[in-house]
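Shown next: structure_32.cif, given as mmCIF, C-alpha atoms, pLDDT in the B column; chains and numbers go by the auth columns.
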data_my_file
#
loop_
_atom_site.group_PDB
_atom_site.id
_atom_site.type_symbol
_atom_site.label_atom_id
_atom_site.label_comp_id
_atom_site.label_asym_id
_atom_site.label_seq_id
_atom_site.Cartn_x
_atom_site.Cartn_y
_atom_site.Cartn_z
_atom_site.B_iso_or_equiv
_atom_site.auth_seq_id
_atom_site.auth_asym_id
ATOM 1 C CA MET A 1 16.040 -18.806 0.868 41.00 246 Y
ATOM 2 C CA ALA A 2 14.220 -18.005 4.146 45.00 247 Y
ATOM 3 C CA GLN A 3 15.162 -19.568 7.443 42.00 248 Y
ATOM 4 C CA LEU A 4 12.864 -20.307 10.345 40.00 249 Y
ATOM 5 C CA SER A 5 14.293 -20.947 13.794 38.00 250 Y
ATOM 6 C CA SER A 6 12.773 -21.872 17.126 39.00 251 Y
ATOM 7 C CA ASN A 7 14.510 -23.027 20.322 41.00 252 Y
ATOM 8 C CA ASN A 8 17.816 -23.625 18.534 39.00 253 Y
ATOM 9 C CA LEU A 9 16.053 -25.748 15.921 38.00 254 Y
ATOM 10 C CA ARG A 10 16.669 -24.408 12.451 36.00 255 Y
ATOM 11 C CA LYS A 11 14.795 -25.469 9.326 37.00 256 Y
ATOM 12 C CA GLU A 12 15.379 -24.260 5.827 39.00 257 Y
ATOM 13 C CA LEU A 13 12.288 -23.253 3.924 37.00 258 Y
ATOM 14 C CA ARG A 14 12.648 -22.849 0.171 38.00 259 Y
ATOM 15 C CA VAL A 15 9.899 -20.869 -1.538 39.00 260 Y
ATOM 16 C CA PRO A 16 10.005 -20.264 -5.296 42.00 261 Y
ATOM 17 C CA ILE A 17 9.569 -16.746 -6.633 42.00 262 Y
ATOM 18 C CA GLY A 18 6.773 -17.861 -8.964 46.00 263 Y
ATOM 19 C CA ASP A 19 3.870 -19.911 -7.690 50.00 264 Y
ATOM 20 C CA ASN A 20 3.052 -23.448 -8.727 53.00 265 Y
ATOM 21 C CA PRO A 21 -0.654 -24.090 -7.944 52.00 266 Y
ATOM 22 C CA GLY A 22 -1.433 -27.070 -5.739 55.00 267 Y
ATOM 23 C CA THR A 23 2.005 -27.310 -4.124 57.00 268 Y
ATOM 24 C CA PRO A 24 2.798 -26.697 -0.449 56.00 269 Y
ATOM 25 C CA GLU A 25 4.948 -23.749 -1.529 54.00 270 Y
ATOM 26 C CA ALA A 26 2.018 -22.121 -3.341 53.00 271 Y
ATOM 27 C CA SER A 27 -0.212 -22.688 -0.295 52.00 272 Y
ATOM 28 C CA LEU A 28 2.401 -21.010 1.882 53.00 273 Y
ATOM 29 C CA LEU A 29 2.585 -18.004 -0.440 53.00 274 Y
ATOM 30 C CA VAL A 30 -1.201 -17.665 -0.279 54.00 275 Y
ATOM 31 C CA ALA A 31 -1.186 -17.953 3.534 58.00 276 Y
ATOM 32 C CA LEU A 32 1.646 -15.464 4.090 70.00 277 Y
ATOM 33 C CA GLY A 33 0.820 -13.131 1.231 86.00 278 Y
ATOM 34 C CA LYS A 34 2.661 -12.067 -1.883 93.00 279 Y
ATOM 35 C CA PRO A 35 4.603 -8.805 -1.736 95.00 280 Y
ATOM 36 C CA ILE A 36 4.506 -6.306 -4.591 95.00 281 Y
ATOM 37 C CA HIS A 37 6.449 -3.055 -4.748 95.00 282 Y
ATOM 38 C CA ASN A 38 5.830 -0.096 -7.068 96.00 283 Y
ATOM 39 C CA LYS A 39 8.997 2.030 -6.910 96.00 284 Y
ATOM 40 C CA ASP A 40 9.828 5.673 -7.690 96.00 285 Y
ATOM 41 C CA ILE A 41 6.336 7.031 -8.316 95.00 286 Y
ATOM 42 C CA HIS A 42 6.551 10.773 -9.049 92.00 287 Y
ATOM 43 C CA LEU A 43 3.406 12.507 -7.838 89.00 288 Y
ATOM 44 C CA ASN A 44 2.065 15.187 -10.131 77.00 289 Y
ATOM 45 C CA PRO A 45 0.290 18.073 -8.399 69.00 290 Y
ATOM 46 C CA GLY A 46 -1.972 18.658 -11.394 69.00 291 Y
ATOM 47 C CA ALA A 47 -4.893 20.992 -10.747 64.00 292 Y
ATOM 48 C CA GLY A 48 -4.403 20.990 -6.991 82.00 293 Y
ATOM 49 C CA VAL A 49 -7.171 18.896 -5.419 89.00 294 Y
ATOM 50 C CA ASN A 50 -8.173 15.246 -5.698 90.00 295 Y
ATOM 51 C CA ASN A 51 -5.079 14.212 -7.664 91.00 296 Y
ATOM 52 C CA GLN A 52 -4.978 10.424 -8.119 93.00 297 Y
ATOM 53 C CA GLU A 53 -2.033 8.153 -8.796 95.00 298 Y
ATOM 54 C CA ASN A 54 -2.745 4.535 -9.765 96.00 299 Y
ATOM 55 C CA LEU A 55 -0.569 2.289 -7.590 98.00 300 Y
ATOM 56 C CA PHE A 56 -1.801 -1.237 -8.372 98.00 301 Y
ATOM 57 C CA ARG A 57 -4.335 -2.904 -10.674 97.00 302 Y
ATOM 58 C CA VAL A 58 -6.569 -5.590 -9.163 97.00 303 Y
ATOM 59 C CA TYR A 59 -7.945 -8.570 -11.111 97.00 304 Y
ATOM 60 C CA GLU A 60 -10.910 -10.674 -9.886 96.00 305 Y
ATOM 61 C CA GLY A 61 -10.810 -11.083 -6.087 96.00 306 Y
ATOM 62 C CA VAL A 62 -7.886 -10.458 -3.737 96.00 307 Y
ATOM 63 C CA HIS A 63 -7.187 -10.168 -0.027 96.00 308 Y
ATOM 64 C CA ILE A 64 -4.920 -7.241 0.900 96.00 309 Y
ATOM 65 C CA TYR A 65 -2.962 -7.765 4.129 94.00 310 Y
ATOM 66 C CA GLN A 66 -0.904 -4.567 4.131 93.00 311 Y
ATOM 67 C CA LEU A 67 -0.962 -1.395 2.068 95.00 312 Y
ATOM 68 C CA LEU A 68 1.575 1.352 2.604 94.00 313 Y
ATOM 69 C CA ILE A 69 3.590 4.129 0.994 95.00 314 Y
ATOM 70 C CA ILE A 70 7.102 5.272 1.857 94.00 315 Y
ATOM 71 C CA VAL A 71 8.021 8.846 0.970 92.00 316 Y
ATOM 72 C CA THR A 72 11.475 8.790 -0.640 93.00 317 Y
ATOM 73 C CA THR A 73 11.663 12.446 -1.754 90.00 318 Y
ATOM 74 C CA MET A 74 9.790 15.448 -0.371 85.00 319 Y
ATOM 75 C CA THR A 75 10.884 19.003 -1.138 80.00 320 Y
ATOM 76 C CA ASP A 76 7.713 20.920 -0.259 76.00 321 Y
ATOM 77 C CA THR A 77 5.004 19.862 2.183 70.00 322 Y
ATOM 78 C CA THR A 78 3.121 23.113 2.812 75.00 323 Y
ATOM 79 C CA THR A 79 0.199 22.150 0.574 81.00 324 Y
ATOM 80 C CA PHE A 80 0.496 18.356 0.576 85.00 325 Y
ATOM 81 C CA ASP A 81 -2.629 17.144 2.373 87.00 326 Y
ATOM 82 C CA ASN A 82 -5.918 15.226 2.181 92.00 327 Y
ATOM 83 C CA VAL A 83 -4.060 11.998 1.448 94.00 328 Y
ATOM 84 C CA GLN A 84 -5.868 8.663 1.303 96.00 329 Y
ATOM 85 C CA PHE A 85 -6.079 5.274 -0.418 97.00 330 Y
ATOM 86 C CA LYS A 86 -9.073 4.575 -2.688 97.00 331 Y
ATOM 87 C CA ALA A 87 -10.390 1.748 -4.845 97.00 332 Y
ATOM 88 C CA VAL A 88 -11.289 3.183 -8.265 97.00 333 Y
ATOM 89 C CA SER A 89 -12.826 1.858 -11.495 96.00 334 Y
ATOM 90 C CA ALA A 90 -15.000 3.229 -14.289 94.00 335 Y
ATOM 91 C CA GLY A 91 -18.012 2.513 -12.076 90.00 336 Y
ATOM 92 C CA GLY A 92 -16.909 4.833 -9.276 93.00 337 Y
ATOM 93 C CA SER A 93 -14.729 4.747 -6.199 95.00 338 Y
ATOM 94 C CA ASP A 94 -14.699 3.529 -2.605 96.00 339 Y
ATOM 95 C CA ASP A 95 -12.533 4.736 0.257 96.00 340 Y
ATOM 96 C CA ILE A 96 -9.887 2.297 1.482 96.00 341 Y
ATOM 97 C CA THR A 97 -8.898 4.873 4.128 96.00 342 Y
ATOM 98 C CA ASN A 98 -10.277 8.267 5.023 94.00 343 Y
ATOM 99 C CA LEU A 99 -8.458 11.582 4.622 92.00 344 Y
ATOM 100 C CA SER A 100 -5.410 12.625 6.607 88.00 345 Y
ATOM 101 C CA ALA A 101 -4.794 16.342 6.218 83.00 346 Y
ATOM 102 C CA ALA A 102 -2.498 17.999 8.750 77.00 347 Y
ATOM 103 C CA GLY A 103 -0.434 14.828 9.250 79.00 348 Y
ATOM 104 C CA ALA A 104 0.496 14.730 5.582 84.00 349 Y
ATOM 105 C CA ARG A 105 1.932 18.244 5.765 82.00 350 Y
ATOM 106 C CA ALA A 106 4.528 16.943 8.227 82.00 351 Y
ATOM 107 C CA CYS A 107 5.813 14.377 5.720 85.00 352 Y
ATOM 108 C CA CYS A 108 9.521 14.144 5.061 85.00 353 Y
ATOM 109 C CA GLU A 109 11.797 11.527 3.543 88.00 354 Y
ATOM 110 C CA GLY A 110 11.162 8.209 5.274 87.00 355 Y
ATOM 111 C CA THR A 111 7.544 8.977 6.231 87.00 356 Y
ATOM 112 C CA ILE A 112 5.251 5.938 6.034 88.00 357 Y
ATOM 113 C CA LEU A 113 1.593 6.305 5.046 91.00 358 Y
ATOM 114 C CA SER A 114 -0.396 3.144 5.734 91.00 359 Y
ATOM 115 C CA ARG A 115 -3.790 1.598 6.279 92.00 360 Y
ATOM 116 C CA THR A 116 -3.938 0.540 9.930 88.00 361 Y
ATOM 117 C CA ASP A 117 -7.681 0.792 10.535 89.00 362 Y
ATOM 118 C CA VAL A 118 -11.053 0.448 8.821 91.00 363 Y
ATOM 119 C CA SER A 119 -11.957 2.518 5.761 92.00 364 Y
ATOM 120 C CA GLY A 120 -13.765 5.190 7.775 91.00 365 Y
ATOM 121 C CA ASN A 121 -10.553 6.102 9.612 92.00 366 Y
ATOM 122 C CA ALA A 122 -7.735 8.256 8.312 92.00 367 Y
ATOM 123 C CA ILE A 123 -4.611 6.891 6.678 92.00 368 Y
ATOM 124 C CA SER A 124 -1.849 6.543 9.326 87.00 369 Y
ATOM 125 C CA VAL A 125 1.084 8.932 8.941 86.00 370 Y
ATOM 126 C CA ALA A 126 4.304 7.889 10.686 83.00 371 Y
ATOM 127 C CA VAL A 127 6.943 10.614 10.448 82.00 372 Y
ATOM 128 C CA PRO A 128 10.550 9.784 11.371 79.00 373 Y
ATOM 129 C CA SER A 129 12.303 12.007 13.876 69.00 374 Y
ATOM 130 C CA ALA A 130 15.906 13.151 13.775 56.00 375 Y
ATOM 131 C CA SER A 131 16.162 12.654 17.530 53.00 376 Y
ATOM 132 C CA THR A 132 14.961 9.071 17.895 51.00 377 Y
ATOM 133 C CA ILE A 133 14.984 5.672 16.246 53.00 378 Y
ATOM 134 C CA ILE A 134 11.866 4.408 18.036 49.00 379 Y
ATOM 135 C CA VAL A 135 9.193 3.070 15.691 58.00 380 Y
ATOM 136 C CA ASP A 136 6.299 5.459 15.380 58.00 381 Y
ATOM 137 C CA PRO A 137 3.350 4.321 17.552 60.00 382 Y
ATOM 138 C CA ALA A 138 0.977 4.815 14.604 57.00 383 Y
ATOM 139 C CA LEU A 139 2.551 1.774 12.941 61.00 384 Y
ATOM 140 C CA SER A 140 2.672 -0.355 16.090 62.00 385 Y
ATOM 141 C CA VAL A 141 -0.939 -1.397 15.578 64.00 386 Y
ATOM 142 C CA VAL A 142 -1.975 -4.351 13.447 67.00 387 Y
ATOM 143 C CA TYR A 143 -2.533 -3.566 9.782 77.00 388 Y
ATOM 144 C CA ALA A 144 -6.180 -3.671 8.733 86.00 389 Y
ATOM 145 C CA PRO A 145 -6.637 -6.217 5.913 91.00 390 Y
ATOM 146 C CA PHE A 146 -9.487 -5.970 3.413 94.00 391 Y
ATOM 147 C CA GLU A 147 -10.886 -7.676 0.317 96.00 392 Y
ATOM 148 C CA MET A 148 -11.152 -6.068 -3.107 96.00 393 Y
ATOM 149 C CA LEU A 149 -13.068 -7.272 -6.147 95.00 394 Y
ATOM 150 C CA GLU A 150 -12.508 -6.173 -9.727 96.00 395 Y
ATOM 151 C CA GLN A 151 -15.532 -4.502 -11.289 95.00 396 Y
ATOM 152 C CA THR A 152 -17.584 -6.983 -13.316 92.00 397 Y
ATOM 153 C CA ALA A 153 -16.838 -7.667 -16.982 87.00 398 Y
ATOM 154 C CA GLY A 154 -13.125 -7.099 -16.392 88.00 399 Y
ATOM 155 C CA VAL A 155 -13.391 -3.310 -16.044 95.00 400 Y
ATOM 156 C CA ALA A 156 -9.995 -1.991 -14.909 97.00 401 Y
ATOM 157 C CA SER A 157 -9.979 -1.609 -11.120 97.00 402 Y
ATOM 158 C CA TYR A 158 -7.179 0.101 -9.215 98.00 403 Y
ATOM 159 C CA ILE A 159 -5.818 0.880 -5.780 98.00 404 Y
ATOM 160 C CA VAL A 160 -4.972 4.585 -5.977 97.00 405 Y
ATOM 161 C CA PHE A 161 -3.332 7.212 -3.799 96.00 406 Y
ATOM 162 C CA GLU A 162 -5.277 10.490 -3.682 95.00 407 Y
ATOM 163 C CA TYR A 163 -3.852 13.797 -2.480 93.00 408 Y
ATOM 164 C CA ASP A 164 -4.068 17.597 -2.703 91.00 409 Y
ATOM 165 C CA ALA A 165 -0.998 19.619 -3.690 88.00 410 Y
ATOM 166 C CA ASP A 166 0.136 22.630 -5.641 84.00 411 Y
ATOM 167 C CA ALA A 167 2.720 23.218 -8.341 81.00 412 Y
ATOM 168 C CA ALA A 168 5.555 23.588 -5.817 81.00 413 Y
ATOM 169 C CA THR A 169 4.991 20.117 -4.345 83.00 414 Y
ATOM 170 C CA ASP A 170 7.670 17.603 -5.277 85.00 415 Y
ATOM 171 C CA VAL A 171 7.059 14.094 -3.925 89.00 416 Y
ATOM 172 C CA VAL A 172 8.416 10.673 -4.883 93.00 417 Y
ATOM 173 C CA ILE A 173 6.958 7.578 -3.211 95.00 418 Y
ATOM 174 C CA ASP A 174 7.344 3.808 -3.128 97.00 419 Y
ATOM 175 C CA ALA A 175 4.114 1.803 -2.746 98.00 420 Y
ATOM 176 C CA HIS A 176 4.045 -1.615 -1.066 97.00 421 Y
ATOM 177 C CA CYS A 177 1.241 -4.178 -0.984 97.00 422 Y
ATOM 178 C CA LEU A 178 1.078 -7.628 0.619 96.00 423 Y
ATOM 179 C CA TRP A 179 -1.756 -9.673 -0.885 96.00 424 Y
ATOM 180 C CA SER A 180 -3.114 -13.121 -1.734 95.00 425 Y
ATOM 181 C CA PRO A 181 -5.676 -14.293 -4.323 95.00 426 Y
ATOM 182 C CA LEU A 182 -9.263 -15.087 -3.341 94.00 427 Y
ATOM 183 C CA THR A 183 -10.204 -16.428 -6.796 94.00 428 Y
ATOM 184 C CA ASP A 184 -8.304 -18.470 -9.377 93.00 429 Y
ATOM 185 C CA GLY A 185 -7.519 -15.340 -11.371 94.00 430 Y
ATOM 186 C CA GLY A 186 -6.998 -13.043 -8.383 95.00 431 Y
ATOM 187 C CA LEU A 187 -3.991 -10.844 -9.031 96.00 432 Y
ATOM 188 C CA VAL A 188 -2.451 -7.522 -7.987 97.00 433 Y
ATOM 189 C CA GLU A 189 0.030 -5.975 -10.411 97.00 434 Y
ATOM 190 C CA ILE A 190 2.077 -2.806 -10.696 96.00 435 Y
ATOM 191 C CA VAL A 191 0.502 -0.166 -12.921 92.00 436 Y
#

As structure tokens, how would this structure be written, given the file I've shared?
Amino acid sequence: MAQLSSNNLRKELRVPIGDNPGTPEASLLVALGKPIHNKDIHLNPGAGVNNQENLFRVYEGVHIYQLLIIVTTMTDTTTFDNVQFKAVSAGGSDDITNLSAAGARACCEGTILSRTDVSGNAISVAVPSASTIIVDPALSVVYAPFEMLEQTAGVASYIVFEYDADAATDVVIDAHCLWSPLTDGGLVEIV
């Protein structure tokens, strides 16, 4: 149960976990977005460059409010770079963010990689510091929402995380997405 408060006036707002189309609760979920969380994704360095990890599958049309990754384990960052989000299907790919190279090498546990600007700009890398608890300025900007459409004829379409690494790289991430449907069948699901 969520609580909203304003000027000492408190209202209880009950929102079901599932949605029930046509109800005020469903309208609220569409307006605020639906969170989805893909946990404990082990990145595989593979051949070294342009490694891709499917994070979420997209059906029909959706609006993405926020897209971010939290690094939960990082044991080697020397060759972890060229990180970005992409939209990928059998028909090709489109950048959701641009590359971030040097910033990714500074990753450690707790680092947040997020889309905070248009697709032509690099993914934002917010690295926690042992000496401060101040929120990283890179994440103080408004997230940059975008729309994504599934490739026609139901061809599998994904939001992926792309990166370069080598065999020594050991990274575990959690991926988070806040979204709402644009079409009746609009859906984002964990891969």

In Å, how far is it from atom CA of Y:Val405 to atom CA of Y:Asn299?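 Calculated distance between atom CA of Y:Val405 and atom CA of Y:Asn299 is 4.4 Å.
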
Which residue, Y:Gly399, Y:Gly306, Y:Pro373, Y:Pro390, has the smallest gap to Y:Cys353 when you use all atoms listed in the file?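 Among the listed residues, Y:Pro373 lies closest to Y:Cys353.
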
Counting all atoms listed in the file, the residue of Y:Gln396, Y:Asn295, Y:Thr414, Y:Ser364 that sits nearest Y:Cys352: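 With all atoms listed in the file as the atom set, the closest residue is Y:Thr414.
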
Quick one: distance from atom CA of Y:Val328 to atom CA of Y:Val303 in Å, one decimal?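 These two atoms are separated by 20.7 Å.
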
Around the point (-6.4, -0.5, -5.1), in the coordinates given by the file, pick out the residues reaching within 9 Å, counting only C-alpha atoms, and return them as a PyMOL selection string. chain Y and resi 299-303+330-333+341+393+402-406+433

To one decimal place in Å, what is the distance between atom CA of Y:Ala335 and atom CA of Y:Gln297?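 Those two atoms sit 13.8 Å apart.
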
Which residues are close to Y:Thr320, i.e. within 12 Å by all atoms listed in the file, leaving aside same-chain residues fewer than 4 positions away? Reply as a compact mmCIF listing (two decimals) with C-alpha atoms, keeping the file's coordinate frame.
# COMPACT_ATOMS: atom_id res chain seq x y z
CA LEU Y 288 3.41 12.51 -7.84
CA VAL Y 316 8.02 8.85 0.97
CA THR Y 324 0.20 22.15 0.57
CA PHE Y 325 0.50 18.36 0.58
CA ARG Y 350 1.93 18.24 5.76
CA ALA Y 351 4.53 16.94 8.23
CA CYS Y 352 5.81 14.38 5.72
CA CYS Y 353 9.52 14.14 5.06
CA GLU Y 354 11.80 11.53 3.54
CA ALA Y 412 2.72 23.22 -8.34
CA ALA Y 413 5.56 23.59 -5.82
CA THR Y 414 4.99 20.12 -4.34
CA ASP Y 415 7.67 17.60 -5.28
CA VAL Y 416 7.06 14.09 -3.92
CA VAL Y 417 8.42 10.67 -4.88

My list of candidates is Y:Ile435, Y:Leu312, Y:Ala346, Y:Ala398. Which is closest to Y:Arg360 when distances are computed with only C-alpha atoms?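 Checking each of Y:Ile435, Y:Leu312, Y:Ala346, Y:Ala398 against Y:Arg360, counting only C-alpha atoms, the winner is Y:Leu312.
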
Name the residues captured by the PyMOL selection byres ((chain Y and resi 361) around 6) when it is applied to the shown file; answer as a ChimeraX atom specification. /Y:360,362,388-389

For stretch 277-281 of chain Y, please output as an mmCIF file with C-alpha atoms, in the coordinates of the input all residues within 9 Å (counting all atoms listed in the file; exclusion window: fewer than 6 positions along the same chain).
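For reference, selection.cif as written:
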data_model
loop_
_atom_site.group_PDB
_atom_site.id
_atom_site.type_symbol
_atom_site.label_atom_id
_atom_site.label_comp_id
_atom_site.auth_asym_id
_atom_site.auth_seq_id
_atom_site.Cartn_x
_atom_site.Cartn_y
_atom_site.Cartn_z
ATOM 1 C CA PHE Y 301 -1.801 -1.237 -8.372
ATOM 2 C CA HIS Y 308 -7.187 -10.168 -0.027
ATOM 3 C CA ILE Y 309 -4.920 -7.241 0.900
ATOM 4 C CA TYR Y 310 -2.962 -7.765 4.129
ATOM 5 C CA ALA Y 420 4.114 1.803 -2.746
ATOM 6 C CA HIS Y 421 4.045 -1.615 -1.066
ATOM 7 C CA CYS Y 422 1.241 -4.178 -0.984
ATOM 8 C CA LEU Y 423 1.078 -7.628 0.619
ATOM 9 C CA TRP Y 424 -1.756 -9.673 -0.885
ATOM 10 C CA SER Y 425 -3.114 -13.121 -1.734
ATOM 11 C CA PRO Y 426 -5.676 -14.293 -4.323
ATOM 12 C CA VAL Y 433 -2.451 -7.522 -7.987
ATOM 13 C CA GLU Y 434 0.030 -5.975 -10.411
ATOM 14 C CA ILE Y 435 2.077 -2.806 -10.696
#

Give me the residues near Y:Lys284 as a count of residues only, where near means some atom within 7 Å (using only C-alpha atoms) and where sequence neighbours in that chain fewer than 2 positions away do not count. 5

Counting only C-alpha atoms, the residue of Y:Asp409, Y:Glu395, Y:Leu427, Y:Thr317 that sits nearest Y:Gly336: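 The closest residue to Y:Gly336 is Y:Glu395.
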
Check the smallest atom-to-atom distance from each of Y:Val400, Y:Ala367, Y:Met319, Y:Val294 to Y:Leu344 using all atoms listed in the file, then report the winner. Y:Ala367

Find the axis-aligned box for stretch 363-372 of chain Y, covering all its listed atoms and adding 8 Å on each side, and write its centre and edge lengths in Å to one decimal as AutoDock Vina command-line options.
--center_x -3.4 --center_y 5.5 --center_z 8.2 --size_x 36.7 --size_y 26.2 --size_z 20.9

List as a list in words the residues having at least one atom at most 9 Å from position (0.2, 11.6, 10.5) as given in the file, counting only C-alpha atoms. Ser345, Ala346, Ala347, Gly348, Ala349, Arg350, Ala351, Cys352, Thr356, Ile357, Leu358, Ala367, Ile368, Ser369, Val370, Ala371, Val372 and Ala383 of chain Y
